[in-house]
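Read through the structure below, which is laid out as structure tokens, and then see the notes.
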Amino acid sequence: RKALQDIESYCTLQFSRQHRTSILFLCVFGRYVRFIRIDRSGAVVSEATNYIENPRILAQFFWKYSHLSSVERGFDPTVVPASVEECQLLTRAVRQYMRAVDEQTARFHPSMECTLANDYPIYKATVPNCDTGEDHHYLIQKPCSESKYVLGRATRGYIALALNDTARHKTISGVEPPAHPNRLVFLKDYWRKYPTDMQKEAEVYKDLEDLHVPHLPQLFGGGDVMTSDAYLQSTQSPNPLDRYAHHRLVQQLGFPLKSAKDAKELVQVIRDALEGLISAWVRGRRLHRDISYNNILLNPDACGGPVRGLLNDWDISLDVPAARAKIPK
């Protein structure tokens with residue numbers, strides 16, 4: 001049991017610090033060795049082999065592993081190390097924001113300070129746009145929220161810097177966001193159940209925008225993450241019920257409820273979230289199904305007016321008429 005806990009701990013740290021689709025490694029215990037591949041669905045483990053009696057198997061493993069590409073070793077090709085100039089861009093943008101907070105010209109965001117962690121490298125992530133088919137690029141460093149488990153959805157949230165010019169960086173409905181130099185946004189990275197009848201989250205936002213549902217975060221792009229040869233990034237579990245596909249989206253940076261300055265702001269934000277919830281049901285017969293403290297956000301940039309609320313995280317929402325139509329009669 002101790003060995004299993006150690007393996008889980010090592011894999012959790014590796015998935016946290018590196019952007020991977022899987023991890024390939026070996027486990028030696030006494031005279032035996034097992035070869036293990038882990039992804040978000042689970043582990044595939046070889047039979048125990050006596051490497052003293054059969055030393056060739058270790059030599060073959062290391063020789064073959066040394067000839068694998070980084071993608072074959074489990075690294076995500078859509079997230080690459082940022083250049084020195086790009087690292088400076090992210091650092092400068094976050095520090096400018098923190099300076100504005102000190103000067104009381106910007107609202108304090110509790111996750112901003114942890115974004116620039118020296119022990120986390122800066123990466124450039126690619127995010128598809130489900131509407132236009134274009135790819136956008138964002139700089140990310142330490143996640144401001146992440147799952148502590150190896151298996152499952154493994155949701156991670158980042159404060160990110162958009163690299164694309166503002167002329168192309170539009171919402172999926174084509175609306176230009178407010179002008180903002182070095183725009184900081186929120187990037188959500190997770191693994192969704194696949195295959196499934198549930199709509200992809202980026203598509204859900206598009207449908208809700210088309211229905212004019214209010215108090216949604218502006219979505220700047222999102223979709224399933226593809227490999228370099230245009231295949232969907234998905235897990236390789238032999239059990240189809242445990243498979244996941246990689247999904248990523250980018251939206252405006254919201255603020256947690258605890259950043260409300262007074263009771264009036266708090267009541268207004270919760271009221272707006274309820275209005276969005278009711279509107280999604282009345283106009284689209286869609287249930288959110290995940291109302292929580294973390295999914296109601298403040299939007300301090302609401303057209304220069306008072307702070308308004310946002311209802312976030314529609315990834316497990318349900319289109320009720322579509323779901324009923326699939327129930328056998």
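Ligands are numbered from 1 in the order shown, chains are lettered A, B, ... in the order of the structure tokens, and residues start at 1 in each chain.
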Quiz item: Do you know which residues are at most 9 Å from A:Leu241 counting only C-alpha atoms, after dropping those on the same chain fewer than 3 positions away, and could you put them as a list in words?
Solution: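 So the residues in contact are Lys193, Tyr194, Pro195, Ser237, Pro238 and Tyr244 of chain A.
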Write a file of the selected residues as a PDB file, in the first residue's frame, keeping all heavy atoms.
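Generated file (selection36.pdb):
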ATOM      1  N   LYS A 193     -15.705  13.673 -19.933  1.00  0.00           N
ATOM      2  CA  LYS A 193     -16.083  12.305 -20.269  1.00  0.00           C
ATOM      3  C   LYS A 193     -16.231  12.167 -21.787  1.00  0.00           C
ATOM      4  O   LYS A 193     -16.780  13.039 -22.458  1.00  0.00           O
ATOM      5  CB  LYS A 193     -17.403  11.937 -19.597  1.00  0.00           C
ATOM      6  CG  LYS A 193     -17.263  11.442 -18.168  1.00  0.00           C
ATOM      7  CD  LYS A 193     -16.653  10.054 -18.127  1.00  0.00           C
ATOM      8  CE  LYS A 193     -16.685   9.466 -16.728  1.00  0.00           C
ATOM      9  NZ  LYS A 193     -16.116   8.092 -16.706  1.00  0.00           N
ATOM     10  N   TYR A 194     -15.745  11.026 -22.315  1.00  0.00           N
ATOM     11  CA  TYR A 194     -15.770  10.825 -23.757  1.00  0.00           C
ATOM     12  C   TYR A 194     -15.799   9.320 -24.051  1.00  0.00           C
ATOM     13  O   TYR A 194     -15.013   8.569 -23.459  1.00  0.00           O
ATOM     14  CB  TYR A 194     -14.531  11.453 -24.393  1.00  0.00           C
ATOM     15  CG  TYR A 194     -14.316  11.085 -25.847  1.00  0.00           C
ATOM     16  CD1 TYR A 194     -15.019  11.726 -26.847  1.00  0.00           C
ATOM     17  CD2 TYR A 194     -13.423  10.077 -26.200  1.00  0.00           C
ATOM     18  CE1 TYR A 194     -14.836  11.379 -28.178  1.00  0.00           C
ATOM     19  CE2 TYR A 194     -13.243   9.725 -27.525  1.00  0.00           C
ATOM     20  CZ  TYR A 194     -13.945  10.380 -28.507  1.00  0.00           C
ATOM     21  OH  TYR A 194     -13.765  10.031 -29.819  1.00  0.00           O
ATOM     22  N   PRO A 195     -16.661   8.846 -24.943  1.00  0.00           N
ATOM     23  CA  PRO A 195     -17.725   9.608 -25.607  1.00  0.00           C
ATOM     24  C   PRO A 195     -18.904   9.825 -24.660  1.00  0.00           C
ATOM     25  O   PRO A 195     -19.083   9.066 -23.704  1.00  0.00           O
ATOM     26  CB  PRO A 195     -18.110   8.723 -26.782  1.00  0.00           C
ATOM     27  CG  PRO A 195     -17.796   7.336 -26.307  1.00  0.00           C
ATOM     28  CD  PRO A 195     -16.592   7.462 -25.418  1.00  0.00           C
ATOM     29  N   SER A 237      -7.880   4.133 -21.866  1.00  0.00           N
ATOM     30  CA  SER A 237      -8.376   3.085 -20.989  1.00  0.00           C
ATOM     31  C   SER A 237      -9.068   1.999 -21.807  1.00  0.00           C
ATOM     32  O   SER A 237      -9.815   2.294 -22.737  1.00  0.00           O
ATOM     33  CB  SER A 237      -9.367   3.673 -19.981  1.00  0.00           C
ATOM     34  OG  SER A 237     -10.035   2.645 -19.291  1.00  0.00           O
ATOM     35  N   PRO A 238      -8.836   0.727 -21.463  1.00  0.00           N
ATOM     36  CA  PRO A 238      -9.548  -0.343 -22.172  1.00  0.00           C
ATOM     37  C   PRO A 238     -11.040  -0.360 -21.876  1.00  0.00           C
ATOM     38  O   PRO A 238     -11.813  -0.957 -22.614  1.00  0.00           O
ATOM     39  CB  PRO A 238      -8.860  -1.618 -21.656  1.00  0.00           C
ATOM     40  CG  PRO A 238      -8.257  -1.223 -20.339  1.00  0.00           C
ATOM     41  CD  PRO A 238      -7.870   0.219 -20.484  1.00  0.00           C
ATOM     42  N   TYR A 244     -11.693   9.705 -21.245  1.00  0.00           N
ATOM     43  CA  TYR A 244     -11.818  11.156 -21.158  1.00  0.00           C
ATOM     44  C   TYR A 244     -11.174  11.789 -22.380  1.00  0.00           C
ATOM     45  O   TYR A 244     -10.238  11.234 -22.966  1.00  0.00           O
ATOM     46  CB  TYR A 244     -11.130  11.700 -19.904  1.00  0.00           C
ATOM     47  CG  TYR A 244     -11.785  11.310 -18.596  1.00  0.00           C
ATOM     48  CD1 TYR A 244     -11.474  10.104 -17.973  1.00  0.00           C
ATOM     49  CD2 TYR A 244     -12.724  12.145 -17.991  1.00  0.00           C
ATOM     50  CE1 TYR A 244     -12.071   9.737 -16.777  1.00  0.00           C
ATOM     51  CE2 TYR A 244     -13.320  11.795 -16.793  1.00  0.00           C
ATOM     52  CZ  TYR A 244     -12.992  10.594 -16.194  1.00  0.00           C
ATOM     53  OH  TYR A 244     -13.593  10.229 -15.007  1.00  0.00           O
TER      54      TYR A 244
END
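Relative to atom CA of A:Asp229, atom CA of A:Gly157 is found at 26.3 Å.
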Can you pull out the residues contacting A:Ser16? Cut-off 10 Å, using only C-alpha atoms, and skip same-chain residues under 2 positions away; I want them as an mmCIF file with N, CA, C and O atoms, in the first residue's frame.
data_model
loop_
_atom_site.group_PDB
_atom_site.id
_atom_site.type_symbol
_atom_site.label_atom_id
_atom_site.label_comp_id
_atom_site.auth_asym_id
_atom_site.auth_seq_id
_atom_site.Cartn_x
_atom_site.Cartn_y
_atom_site.Cartn_z
ATOM 1 N N TYR A 10 3.948 10.666 -6.669
ATOM 2 C CA TYR A 10 4.898 11.071 -7.713
ATOM 3 C C TYR A 10 4.151 11.502 -8.981
ATOM 4 O O TYR A 10 4.502 12.514 -9.613
ATOM 5 N N CYS A 11 3.128 10.730 -9.355
ATOM 6 C CA CYS A 11 2.377 11.051 -10.580
ATOM 7 C C CYS A 11 1.592 12.353 -10.430
ATOM 8 O O CYS A 11 1.498 13.146 -11.377
ATOM 9 N N THR A 12 1.032 12.586 -9.243
ATOM 10 C CA THR A 12 0.304 13.830 -8.999
ATOM 11 C C THR A 12 1.214 15.037 -9.185
ATOM 12 O O THR A 12 0.844 16.026 -9.844
ATOM 13 N N LEU A 13 2.416 14.961 -8.623
ATOM 14 C CA LEU A 13 3.362 16.071 -8.754
ATOM 15 C C LEU A 13 3.808 16.261 -10.200
ATOM 16 O O LEU A 13 3.942 17.383 -10.684
ATOM 17 N N GLN A 14 4.014 15.153 -10.901
ATOM 18 C CA GLN A 14 4.478 15.251 -12.280
ATOM 19 C C GLN A 14 3.398 15.839 -13.178
ATOM 20 O O GLN A 14 3.670 16.699 -14.027
ATOM 21 N N GLN A 18 4.084 19.459 -14.985
ATOM 22 C CA GLN A 18 4.279 19.301 -16.425
ATOM 23 C C GLN A 18 2.915 19.152 -17.102
ATOM 24 O O GLN A 18 1.948 18.702 -16.489
ATOM 25 N N HIS A 19 2.855 19.517 -18.367
ATOM 26 C CA HIS A 19 1.617 19.358 -19.132
ATOM 27 C C HIS A 19 1.722 18.050 -19.908
ATOM 28 O O HIS A 19 2.423 17.946 -20.913
ATOM 29 N N ARG A 20 1.003 17.052 -19.426
ATOM 30 C CA ARG A 20 1.129 15.701 -19.953
ATOM 31 C C ARG A 20 -0.239 15.104 -20.262
ATOM 32 O O ARG A 20 -1.250 15.467 -19.654
ATOM 33 N N TYR A 120 7.669 27.280 -10.826
ATOM 34 C CA TYR A 120 6.856 26.789 -11.938
ATOM 35 C C TYR A 120 7.334 27.466 -13.222
ATOM 36 O O TYR A 120 7.436 28.700 -13.264
ATOM 37 N N LYS A 142 1.789 29.117 -12.905
ATOM 38 C CA LYS A 142 1.260 28.245 -11.859
ATOM 39 C C LYS A 142 -0.264 28.286 -11.874
ATOM 40 O O LYS A 142 -0.865 29.355 -11.942
ATOM 41 N N PRO A 143 -0.939 27.133 -11.799
ATOM 42 C CA PRO A 143 -2.403 27.152 -11.749
ATOM 43 C C PRO A 143 -2.896 27.787 -10.455
ATOM 44 O O PRO A 143 -2.320 27.578 -9.384
ATOM 45 N N GLU A 146 -6.371 23.641 -8.901
ATOM 46 C CA GLU A 146 -6.124 22.378 -9.590
ATOM 47 C C GLU A 146 -6.598 21.215 -8.747
ATOM 48 O O GLU A 146 -6.677 21.299 -7.520
ATOM 49 N N SER A 147 -6.924 20.127 -9.426
ATOM 50 C CA SER A 147 -7.316 18.896 -8.747
ATOM 51 C C SER A 147 -6.080 18.226 -8.154
ATOM 52 O O SER A 147 -5.000 18.253 -8.735
ATOM 53 N N LYS A 148 -6.251 17.620 -7.000
ATOM 54 C CA LYS A 148 -5.151 16.921 -6.339
ATOM 55 C C LYS A 148 -5.172 15.419 -6.624
ATOM 56 O O LYS A 148 -4.487 14.647 -5.968
ATOM 57 N N TYR A 149 -5.946 15.020 -7.628
ATOM 58 C CA TYR A 149 -6.064 13.603 -7.954
ATOM 59 C C TYR A 149 -5.517 13.326 -9.360
ATOM 60 O O TYR A 149 -5.647 14.154 -10.261
ATOM 61 N N VAL A 150 -4.939 12.164 -9.526
ATOM 62 C CA VAL A 150 -4.390 11.769 -10.827
ATOM 63 C C VAL A 150 -5.518 11.450 -11.796
ATOM 64 O O VAL A 150 -5.490 11.855 -12.963
ATOM 65 N N ALA A 154 -9.465 16.208 -13.604
ATOM 66 C CA ALA A 154 -8.178 16.924 -13.432
ATOM 67 C C ALA A 154 -8.272 18.386 -13.866
ATOM 68 O O ALA A 154 -7.432 18.891 -14.616
ATOM 69 N N ARG A 156 -7.854 22.242 -14.064
ATOM 70 C CA ARG A 156 -6.871 23.238 -13.650
ATOM 71 C C ARG A 156 -7.282 24.601 -14.202
ATOM 72 O O ARG A 156 -7.715 24.706 -15.348
#
Exercise. Find the residue from A:Ala59, A:Val127, A:Ala322, A:Ala43 that sits nearest to A:Met226; use only C-alpha atoms when measuring.
Key: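 Going through A:Ala59, A:Val127, A:Ala322, A:Ala43 one by one, the smallest distance to A:Met226 is for A:Val127.
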Quiz item: Quick one: of A:Gly30, A:Gly222, A:Pro321, A:Gly42, who's nearest to A:Gly152, counting only C-alpha atoms?
Solution: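 Looking only at the distances to A:Gly152, the closest residue turns out to be A:Gly42.
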Practice problem: Write out as a VMD selection string which residues come within 8 Å of A:Asp224 when counting only C-alpha atoms, dropping same-chain ones fewer than 3 positions away. | Solution: chain A and resid 128 232 to 233 245 to 248
Taking the DSSP secondary structure from the backbone, can you list the residues of stretch 112-289 of chain A that are helix (DSSP H, G or I), as a compact mmCIF listing (two decimals) with all heavy atoms, in the first residue's frame?
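Contents of the output file selection-v2.txt:
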# COMPACT_ATOMS: atom_id res chain seq x y z
N MET A 112 -3.94 36.26 -8.03
CA MET A 112 -2.95 36.92 -8.87
C MET A 112 -1.53 36.73 -8.33
O MET A 112 -0.59 36.50 -9.10
CB MET A 112 -3.29 38.40 -8.98
CG MET A 112 -2.55 39.14 -10.08
SD MET A 112 -3.03 38.62 -11.75
CE MET A 112 -4.73 39.19 -11.82
N GLU A 113 -1.37 36.81 -7.01
CA GLU A 113 -0.03 36.75 -6.44
C GLU A 113 0.63 35.39 -6.65
O GLU A 113 1.84 35.32 -6.86
CB GLU A 113 -0.09 37.08 -4.94
CG GLU A 113 -0.40 38.53 -4.64
CD GLU A 113 -0.43 38.82 -3.16
OE1 GLU A 113 -0.99 38.00 -2.41
OE2 GLU A 113 0.10 39.86 -2.75
N CYS A 114 -0.15 34.31 -6.60
CA CYS A 114 0.44 32.98 -6.73
C CYS A 114 0.74 32.61 -8.17
O CYS A 114 1.39 31.58 -8.42
CB CYS A 114 -0.48 31.93 -6.11
SG CYS A 114 -1.96 31.56 -7.08
N THR A 115 0.28 33.43 -9.14
CA THR A 115 0.51 33.09 -10.55
C THR A 115 1.99 33.06 -10.90
O THR A 115 2.46 32.15 -11.59
CB THR A 115 -0.22 34.10 -11.45
OG1 THR A 115 -1.63 34.01 -11.21
CG2 THR A 115 0.05 33.81 -12.92
N GLU A 201 -18.41 22.06 -23.26
CA GLU A 201 -18.69 23.30 -22.54
C GLU A 201 -18.60 24.53 -23.45
O GLU A 201 -19.42 25.44 -23.33
CB GLU A 201 -17.73 23.46 -21.36
CG GLU A 201 -18.08 24.63 -20.46
CD GLU A 201 -17.22 24.72 -19.23
OE1 GLU A 201 -16.21 24.00 -19.14
OE2 GLU A 201 -17.55 25.53 -18.34
N ALA A 202 -17.62 24.57 -24.34
CA ALA A 202 -17.50 25.72 -25.24
C ALA A 202 -18.75 25.86 -26.11
O ALA A 202 -19.21 26.98 -26.39
CB ALA A 202 -16.26 25.58 -26.11
N GLU A 203 -19.33 24.75 -26.53
CA GLU A 203 -20.54 24.78 -27.34
C GLU A 203 -21.75 25.22 -26.52
O GLU A 203 -22.65 25.89 -27.03
CB GLU A 203 -20.79 23.42 -27.97
CG GLU A 203 -19.71 23.00 -28.97
CD GLU A 203 -19.91 21.59 -29.49
OE1 GLU A 203 -20.82 20.89 -28.95
OE2 GLU A 203 -19.19 21.18 -30.41
N VAL A 204 -21.77 24.85 -25.23
CA VAL A 204 -22.85 25.27 -24.35
C VAL A 204 -22.87 26.80 -24.24
O VAL A 204 -23.92 27.43 -24.35
CB VAL A 204 -22.70 24.63 -22.95
CG1 VAL A 204 -23.71 25.25 -21.97
CG2 VAL A 204 -22.89 23.13 -23.03
N TYR A 205 -21.70 27.40 -24.04
CA TYR A 205 -21.62 28.86 -23.95
C TYR A 205 -22.12 29.51 -25.25
O TYR A 205 -22.80 30.54 -25.21
CB TYR A 205 -20.19 29.30 -23.67
CG TYR A 205 -19.82 29.27 -22.21
CD1 TYR A 205 -18.95 28.31 -21.71
CD2 TYR A 205 -20.32 30.22 -21.32
CE1 TYR A 205 -18.59 28.27 -20.36
CE2 TYR A 205 -19.97 30.20 -19.98
CZ TYR A 205 -19.11 29.23 -19.51
OH TYR A 205 -18.78 29.20 -18.18
N LYS A 206 -21.76 28.93 -26.38
CA LYS A 206 -22.20 29.47 -27.66
C LYS A 206 -23.73 29.43 -27.77
O LYS A 206 -24.36 30.41 -28.19
CB LYS A 206 -21.57 28.67 -28.82
CG LYS A 206 -21.99 29.12 -30.21
CD LYS A 206 -21.47 30.52 -30.53
CE LYS A 206 -21.61 30.85 -32.02
NZ LYS A 206 -23.00 30.79 -32.51
N ASP A 207 -24.34 28.31 -27.39
CA ASP A 207 -25.80 28.20 -27.43
C ASP A 207 -26.46 29.20 -26.49
O ASP A 207 -27.48 29.81 -26.84
CB ASP A 207 -26.22 26.77 -27.06
CG ASP A 207 -25.88 25.76 -28.14
OD1 ASP A 207 -25.52 26.19 -29.26
OD2 ASP A 207 -25.96 24.55 -27.87
N LEU A 208 -25.92 29.37 -25.30
CA LEU A 208 -26.50 30.30 -24.34
C LEU A 208 -26.37 31.75 -24.83
O LEU A 208 -27.28 32.56 -24.63
CB LEU A 208 -25.83 30.14 -22.97
CG LEU A 208 -26.10 28.81 -22.25
CD1 LEU A 208 -25.27 28.71 -20.98
CD2 LEU A 208 -27.58 28.65 -21.93
N GLU A 209 -25.24 32.07 -25.45
CA GLU A 209 -25.09 33.41 -26.02
C GLU A 209 -26.10 33.64 -27.13
O GLU A 209 -26.67 34.73 -27.26
CB GLU A 209 -23.66 33.60 -26.54
CG GLU A 209 -22.64 33.88 -25.46
CD GLU A 209 -21.31 34.36 -26.04
OE1 GLU A 209 -21.20 34.45 -27.28
OE2 GLU A 209 -20.41 34.64 -25.25
N ASP A 210 -26.32 32.63 -27.96
CA ASP A 210 -27.29 32.77 -29.05
C ASP A 210 -28.71 33.00 -28.51
O ASP A 210 -29.54 33.63 -29.17
CB ASP A 210 -27.28 31.52 -29.93
CG ASP A 210 -26.01 31.41 -30.77
OD1 ASP A 210 -25.29 32.43 -30.90
OD2 ASP A 210 -25.71 30.29 -31.25
N PRO A 240 -14.38 1.55 -22.00
CA PRO A 240 -14.93 2.74 -22.66
C PRO A 240 -15.69 3.67 -21.71
O PRO A 240 -15.89 4.83 -22.01
CB PRO A 240 -15.85 2.17 -23.74
CG PRO A 240 -16.17 0.78 -23.29
CD PRO A 240 -14.96 0.30 -22.54
N LEU A 241 -16.12 3.15 -20.56
CA LEU A 241 -16.86 3.98 -19.61
C LEU A 241 -15.94 4.91 -18.83
O LEU A 241 -16.41 5.81 -18.15
CB LEU A 241 -17.64 3.08 -18.63
CG LEU A 241 -18.72 2.19 -19.25
CD1 LEU A 241 -19.39 1.35 -18.18
CD2 LEU A 241 -19.76 3.03 -20.00
N ASP A 242 -14.64 4.66 -18.91
CA ASP A 242 -13.69 5.46 -18.14
C ASP A 242 -12.83 6.36 -19.02
O ASP A 242 -11.78 6.82 -18.59
CB ASP A 242 -12.77 4.53 -17.33
CG ASP A 242 -13.51 3.87 -16.19
OD1 ASP A 242 -14.48 4.47 -15.70
OD2 ASP A 242 -13.12 2.76 -15.79
N LEU A 257 -16.49 35.39 -4.98
CA LEU A 257 -17.46 36.09 -4.16
C LEU A 257 -16.82 36.81 -2.97
O LEU A 257 -17.27 37.87 -2.55
CB LEU A 257 -18.52 35.10 -3.65
CG LEU A 257 -19.69 34.78 -4.58
CD1 LEU A 257 -20.62 33.79 -3.92
CD2 LEU A 257 -20.45 36.04 -4.96
N LYS A 258 -15.76 36.22 -2.44
CA LYS A 258 -15.14 36.81 -1.25
C LYS A 258 -14.47 38.16 -1.54
O LYS A 258 -14.08 38.87 -0.61
CB LYS A 258 -14.12 35.86 -0.64
CG LYS A 258 -12.91 35.56 -1.51
CD LYS A 258 -11.99 34.58 -0.80
CE LYS A 258 -10.77 34.24 -1.64
NZ LYS A 258 -9.88 33.26 -0.96
N SER A 259 -14.36 38.53 -2.82
CA SER A 259 -13.77 39.82 -3.15
C SER A 259 -14.81 40.94 -3.20
O SER A 259 -14.47 42.08 -3.50
CB SER A 259 -13.02 39.74 -4.49
OG SER A 259 -13.91 39.46 -5.54
N ALA A 263 -22.05 44.38 1.31
CA ALA A 263 -23.23 43.54 1.19
C ALA A 263 -24.02 43.85 -0.08
O ALA A 263 -24.60 42.96 -0.70
CB ALA A 263 -24.12 43.72 2.42
N LYS A 264 -24.02 45.13 -0.49
CA LYS A 264 -24.76 45.51 -1.70
C LYS A 264 -24.20 44.80 -2.92
O LYS A 264 -24.95 44.28 -3.76
CB LYS A 264 -24.70 47.02 -1.88
CG LYS A 264 -25.49 47.51 -3.09
CD LYS A 264 -25.42 49.03 -3.21
CE LYS A 264 -26.19 49.52 -4.42
NZ LYS A 264 -26.13 51.00 -4.56
N GLU A 265 -22.86 44.79 -3.05
CA GLU A 265 -22.24 44.08 -4.17
C GLU A 265 -22.57 42.59 -4.12
O GLU A 265 -22.88 41.97 -5.15
CB GLU A 265 -20.72 44.27 -4.14
CG GLU A 265 -20.23 45.56 -4.74
CD GLU A 265 -18.73 45.57 -4.96
OE1 GLU A 265 -18.05 44.59 -4.62
OE2 GLU A 265 -18.24 46.58 -5.49
N LEU A 266 -22.49 42.00 -2.94
CA LEU A 266 -22.73 40.57 -2.79
C LEU A 266 -24.14 40.20 -3.21
O LEU A 266 -24.36 39.24 -3.96
CB LEU A 266 -22.47 40.15 -1.34
CG LEU A 266 -22.63 38.66 -1.02
CD1 LEU A 266 -21.61 37.85 -1.80
CD2 LEU A 266 -22.47 38.42 0.48
N VAL A 267 -25.13 40.97 -2.76
CA VAL A 267 -26.53 40.69 -3.11
C VAL A 267 -26.75 40.87 -4.60
O VAL A 267 -27.45 40.07 -5.25
CB VAL A 267 -27.46 41.61 -2.30
CG1 VAL A 267 -28.90 41.49 -2.80
CG2 VAL A 267 -27.40 41.26 -0.82
N GLN A 268 -26.15 41.90 -5.20
CA GLN A 268 -26.32 42.15 -6.63
C GLN A 268 -25.75 41.00 -7.46
O GLN A 268 -26.35 40.55 -8.43
CB GLN A 268 -25.61 43.45 -7.02
CG GLN A 268 -25.72 43.81 -8.50
CD GLN A 268 -27.13 44.10 -8.93
OE1 GLN A 268 -27.78 45.00 -8.40
NE2 GLN A 268 -27.63 43.35 -9.91
N VAL A 269 -24.57 40.52 -7.06
CA VAL A 269 -23.92 39.44 -7.81
C VAL A 269 -24.74 38.16 -7.73
O VAL A 269 -24.93 37.47 -8.74
CB VAL A 269 -22.49 39.22 -7.25
CG1 VAL A 269 -21.91 37.92 -7.77
CG2 VAL A 269 -21.59 40.38 -7.63
N ILE A 270 -25.24 37.81 -6.55
CA ILE A 270 -26.04 36.59 -6.41
C ILE A 270 -27.36 36.74 -7.17
O ILE A 270 -27.83 35.78 -7.82
CB ILE A 270 -26.29 36.30 -4.92
CG1 ILE A 270 -24.97 35.95 -4.23
CG2 ILE A 270 -27.29 35.15 -4.75
CD1 ILE A 270 -25.07 35.72 -2.75
N ARG A 271 -27.94 37.93 -7.15
CA ARG A 271 -29.17 38.17 -7.92
C ARG A 271 -28.94 37.96 -9.41
O ARG A 271 -29.75 37.33 -10.10
CB ARG A 271 -29.68 39.59 -7.67
CG ARG A 271 -30.96 39.93 -8.43
CD ARG A 271 -31.28 41.41 -8.35
NE ARG A 271 -32.52 41.71 -9.05
CZ ARG A 271 -32.63 41.86 -10.37
NH1 ARG A 271 -31.55 41.72 -11.14
NH2 ARG A 271 -33.80 42.12 -10.92
N ASP A 272 -27.82 38.47 -9.92
CA ASP A 272 -27.50 38.31 -11.35
C ASP A 272 -27.31 36.84 -11.70
O ASP A 272 -27.74 36.38 -12.77
CB ASP A 272 -26.24 39.10 -11.69
CG ASP A 272 -26.47 40.60 -11.67
OD1 ASP A 272 -27.64 41.03 -11.71
OD2 ASP A 272 -25.47 41.35 -11.60
N ALA A 273 -26.63 36.10 -10.82
CA ALA A 273 -26.42 34.68 -11.08
C ALA A 273 -27.75 33.93 -11.15
O ALA A 273 -27.96 33.06 -12.01
CB ALA A 273 -25.52 34.08 -10.01
N LEU A 274 -28.68 34.27 -10.26
CA LEU A 274 -30.01 33.65 -10.28
C LEU A 274 -30.76 34.02 -11.54
O LEU A 274 -31.47 33.20 -12.12
CB LEU A 274 -30.80 34.06 -9.04
CG LEU A 274 -30.33 33.46 -7.71
CD1 LEU A 274 -31.11 34.07 -6.55
CD2 LEU A 274 -30.49 31.95 -7.72
N GLU A 275 -30.61 35.27 -11.98
CA GLU A 275 -31.28 35.70 -13.22
C GLU A 275 -30.75 34.90 -14.42
O GLU A 275 -31.51 34.48 -15.29
CB GLU A 275 -31.05 37.19 -13.44
CG GLU A 275 -31.77 37.73 -14.66
CD GLU A 275 -31.54 39.22 -14.87
OE1 GLU A 275 -31.00 39.88 -13.97
OE2 GLU A 275 -31.89 39.73 -15.97
N GLY A 276 -29.40 34.68 -14.47
CA GLY A 276 -28.84 33.87 -15.53
C GLY A 276 -29.31 32.43 -15.47
O GLY A 276 -29.60 31.80 -16.50
N LEU A 277 -29.40 31.88 -14.27
CA LEU A 277 -29.87 30.51 -14.07
C LEU A 277 -31.31 30.35 -14.57
O LEU A 277 -31.63 29.40 -15.31
CB LEU A 277 -29.77 30.16 -12.59
CG LEU A 277 -30.22 28.77 -12.17
CD1 LEU A 277 -29.23 27.72 -12.66
CD2 LEU A 277 -30.37 28.68 -10.66
N ILE A 278 -32.18 31.28 -14.19
CA ILE A 278 -33.59 31.21 -14.60
C ILE A 278 -33.73 31.42 -16.10
O ILE A 278 -34.50 30.74 -16.78
CB ILE A 278 -34.42 32.25 -13.81
CG1 ILE A 278 -34.43 31.88 -12.32
CG2 ILE A 278 -35.84 32.34 -14.35
CD1 ILE A 278 -35.01 32.96 -11.43
N SER A 279 -32.95 32.36 -16.65
CA SER A 279 -33.03 32.65 -18.08
C SER A 279 -32.60 31.44 -18.91
O SER A 279 -33.20 31.16 -19.96
CB SER A 279 -32.15 33.85 -18.41
OG SER A 279 -32.19 34.13 -19.78
N ALA A 280 -31.58 30.73 -18.46
CA ALA A 280 -31.13 29.54 -19.20
C ALA A 280 -32.23 28.48 -19.25
O ALA A 280 -32.38 27.77 -20.25
CB ALA A 280 -29.87 28.97 -18.54
N TRP A 281 -33.02 28.39 -18.18
CA TRP A 281 -34.12 27.42 -18.17
C TRP A 281 -35.29 27.91 -19.02
O TRP A 281 -35.84 27.15 -19.83
CB TRP A 281 -34.58 27.17 -16.74
CG TRP A 281 -35.82 26.33 -16.67
CD1 TRP A 281 -37.07 26.74 -16.33
CD2 TRP A 281 -35.94 24.94 -17.00
NE1 TRP A 281 -37.96 25.71 -16.41
CE2 TRP A 281 -37.29 24.58 -16.83
CE3 TRP A 281 -35.03 23.98 -17.43
CZ2 TRP A 281 -37.76 23.30 -17.07
CZ3 TRP A 281 -35.49 22.69 -17.67
CH2 TRP A 281 -36.84 22.36 -17.49
N VAL A 282 -35.67 29.16 -18.87
CA VAL A 282 -36.83 29.68 -19.59
C VAL A 282 -36.57 29.73 -21.10
O VAL A 282 -37.44 29.36 -21.90
CB VAL A 282 -37.19 31.09 -19.07
CG1 VAL A 282 -38.27 31.73 -19.93
CG2 VAL A 282 -37.66 31.00 -17.61
N ARG A 283 -35.37 30.17 -21.51
CA ARG A 283 -35.09 30.35 -22.93
C ARG A 283 -34.53 29.10 -23.61
O ARG A 283 -34.72 28.93 -24.81
CB ARG A 283 -34.09 31.50 -23.11
CG ARG A 283 -34.60 32.83 -22.57
CD ARG A 283 -33.58 33.94 -22.76
NE ARG A 283 -34.03 35.19 -22.14
CZ ARG A 283 -33.38 36.33 -22.21
NH1 ARG A 283 -32.24 36.41 -22.88
NH2 ARG A 283 -33.86 37.40 -21.61
N GLY A 284 -33.86 28.26 -22.85
CA GLY A 284 -33.23 27.11 -23.48
C GLY A 284 -33.48 25.78 -22.82
O GLY A 284 -32.96 24.76 -23.26
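When only C-alpha atoms are used to compute distances to A:Ala117, the closest of the residues A:Gln199, A:Asn294, A:Asn312, A:Gln141 turns out to be A:Gln141.
Non-sequential neighbours of stretch 84-92 of chain A (distance at most 7 Å, separation of 2 or more positions within a chain, only C-alpha atoms) are A:Ala82, A:Val94, A:Arg95, A:Gln96, A:Leu116, A:Ile122, A:Leu139, A:Leu161.
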